[in-house]
Protein chains: 2
Amino acid sequence: MLRLTKKADYGLMALKYLAEHAGEPSLSAKDIAEAYHIPPQLLAKILQKLTREGLLRSHAGMNGGYSLSRDAKEISAFEVIRAIDGPLFITSCTTGTSTCDLTASCTIKEPLARVNESIVELLRNTRISDLLDHSGREEAPPELVTIASVS
Amino acid sequence: MLRLTKKADYGLMALKYLAEHAGEPSLSAKDIAEAYHIPPQLLAKILQKLTREGLLRSHAGMNGGYSLSRDAKEISAFEVIRAIDGPLFITSCTTGTSTCDLTASCTIKEPLARVNESIVELLRNTRISDLLDHSGREEAPPELVTIASVS
DNA sequence: TGAACTCAGACTAATTTAGTCCTATACTCA
DNA sequence: TGAGTATAGGACTAAATTAGTCTGAGTTCA
């Protein structure tokens, strides 16, 4: 159904939370999990993955935790989703590894690949900073993107 | 992983096939299934659904089958996907029925809803006719949409 | 040292998606 | 009219994916 996994959701939420608390030393997986009522161990896994992918910086030990490795403006939703869920393909054909087992028959994949591209671009242009609550600010809030049909 | 279900893929493929053979009387589920090596009974189910949703016209009995209820230009990929997979929500929060069980906490959903909107728009602008093989035609083929970041 | 963390892999449970089976009904044509 | 070919649709099973748990490490710091 073209849905993000919960893990990706959690990941985005966590990054948003970290962005909001950028000043503070570092927040543990437990802290964030409690704030959002997410299973702590699951979130821990997610944050570990994001760390491995270079989106977060981790600090073990007491008073340890995570912090953004870059400014929230420099981290895109796409990076987060890809780090957690792997590469993004809209069609079940193009799983990256094997080519469509419907061999030559699946002629649909190519035009949909363009839609895929557009979605990726969309997510690339959505930054963690865009997820922050802008209420009370008067800068360009609503339209993230405009789409011009050509067809 | 933001992936279309196979059913949606199959549906799109079938509609494309029907569009290509628009002249001919009507093609049975079996015909199409064979052409693409799709499980016939599964495809039958899908076509039935598309018929119920008004995208196809069915005809039972000998030499029966399906045909597009409208011109391929008038059927969008979005309609097909929604007919098969149900409403399209990028976030697992907004499942339509229940609001996010992470109650107030999930503040991520609103900005992502806009991304969602854009994707829907994207799919709405993608018609079955766009899936047809345009090789040999010289009209506006490649860019379906252009995206202008605002942020 | 021990409390509070991260790290990582194996494992189980739950949910979703894919596909099958079976029966009923509709239409066509000889 | 009845045999053959099709759609219609519900119930069911199987497979795959996603979600979440458990366990046992290695770190850091007071």
# chains A, B, ... in the order shown; residues from 1 in each chain; ligands from 1

call {"tool": "select_by_dssp", "arguments": {"residues": "segment 57-96 of chain A", "states": "helix (DSSP H, G or I)", "output": "NGL selection string"}}
result
:A and (72-74 or 77-85)

call {"tool": "residues_around", "arguments": {"residues": "Phe78 of chain A", "least_positions_apart": "3", "cutoff": "12 Å", "atoms": "only C-alpha atoms (C1' of nucleotides)", "output": "ChimeraX atom specification"}}
result
/A:4,8-9,11-12,55,74-75,81-88,117-128 /B:1-2,112,115

call {"tool": "residues_around", "arguments": {"residues": "DT13 of chain D", "least_positions_apart": "5", "cutoff": "12 Å", "atoms": "only C-alpha atoms (C1' of nucleotides)", "output": "ChimeraX atom specification"}}
result
/C:18-21

call {"tool": "closest_atom_pairs", "arguments": {"of": "chain A", "to": "chain C", "cutoff": "9 Å", "atoms": "only C-alpha atoms (C1' of nucleotides)", "output": "CSV"}}
result
residue,atom,partner,partner_atom,distance
A:Ser28,CA,C:DC5,C1',7.6
A:Ala44,CA,C:DT6,C1',8.4
A:Lys45,CA,C:DC7,C1',8.8
A:Gln48,CA,C:DC7,C1',7.3
A:Ser58,CA,C:DT6,C1',7.4
A:His59,CA,C:DT6,C1',7.0
A:Ala60,CA,C:DT6,C1',4.6
A:Gly61,CA,C:DC5,C1',4.0
A:Met62,CA,C:DA4,C1',4.6
A:Asn63,CA,C:DC5,C1',6.6
A:Gly64,CA,C:DC5,C1',5.4
A:Gly65,CA,C:DC5,C1',7.0

call {"tool": "interface_residues", "arguments": {"of": "chain D", "to": "chain B", "cutoff": "12 Å", "atoms": "only C-alpha atoms (C1' of nucleotides)", "output": "ChimeraX atom specification"}}
result
/D:3-10,17-18

call {"tool": "closest_residue", "arguments": {"among": "B:Ser76, B:Thr5, B:Ser67, B:Thr91", "to": "Glu20 of chain B", "atoms": "only C-alpha atoms"}}
result
B:Ser67

call {"tool": "closest_residue", "arguments": {"among": "B:Glu24, B:Glu34, B:Glu53, B:Asp71", "to": "chain A", "atoms": "only C-alpha atoms"}}
result
B:Glu34

call {"tool": "residues_around", "arguments": {"residues": "Glu110 of chain B", "least_positions_apart": "6", "cutoff": "10 Å", "atoms": "only C-alpha atoms (C1' of nucleotides)", "output": "ChimeraX atom specification"}}
result
/A:131,133 /B:91,94,116

call {"tool": "closest_residue", "arguments": {"among": "B:Lys73, B:Asp31, B:His37, B:Ala22", "to": "chain A", "atoms": "only C-alpha atoms"}}
result
B:His37
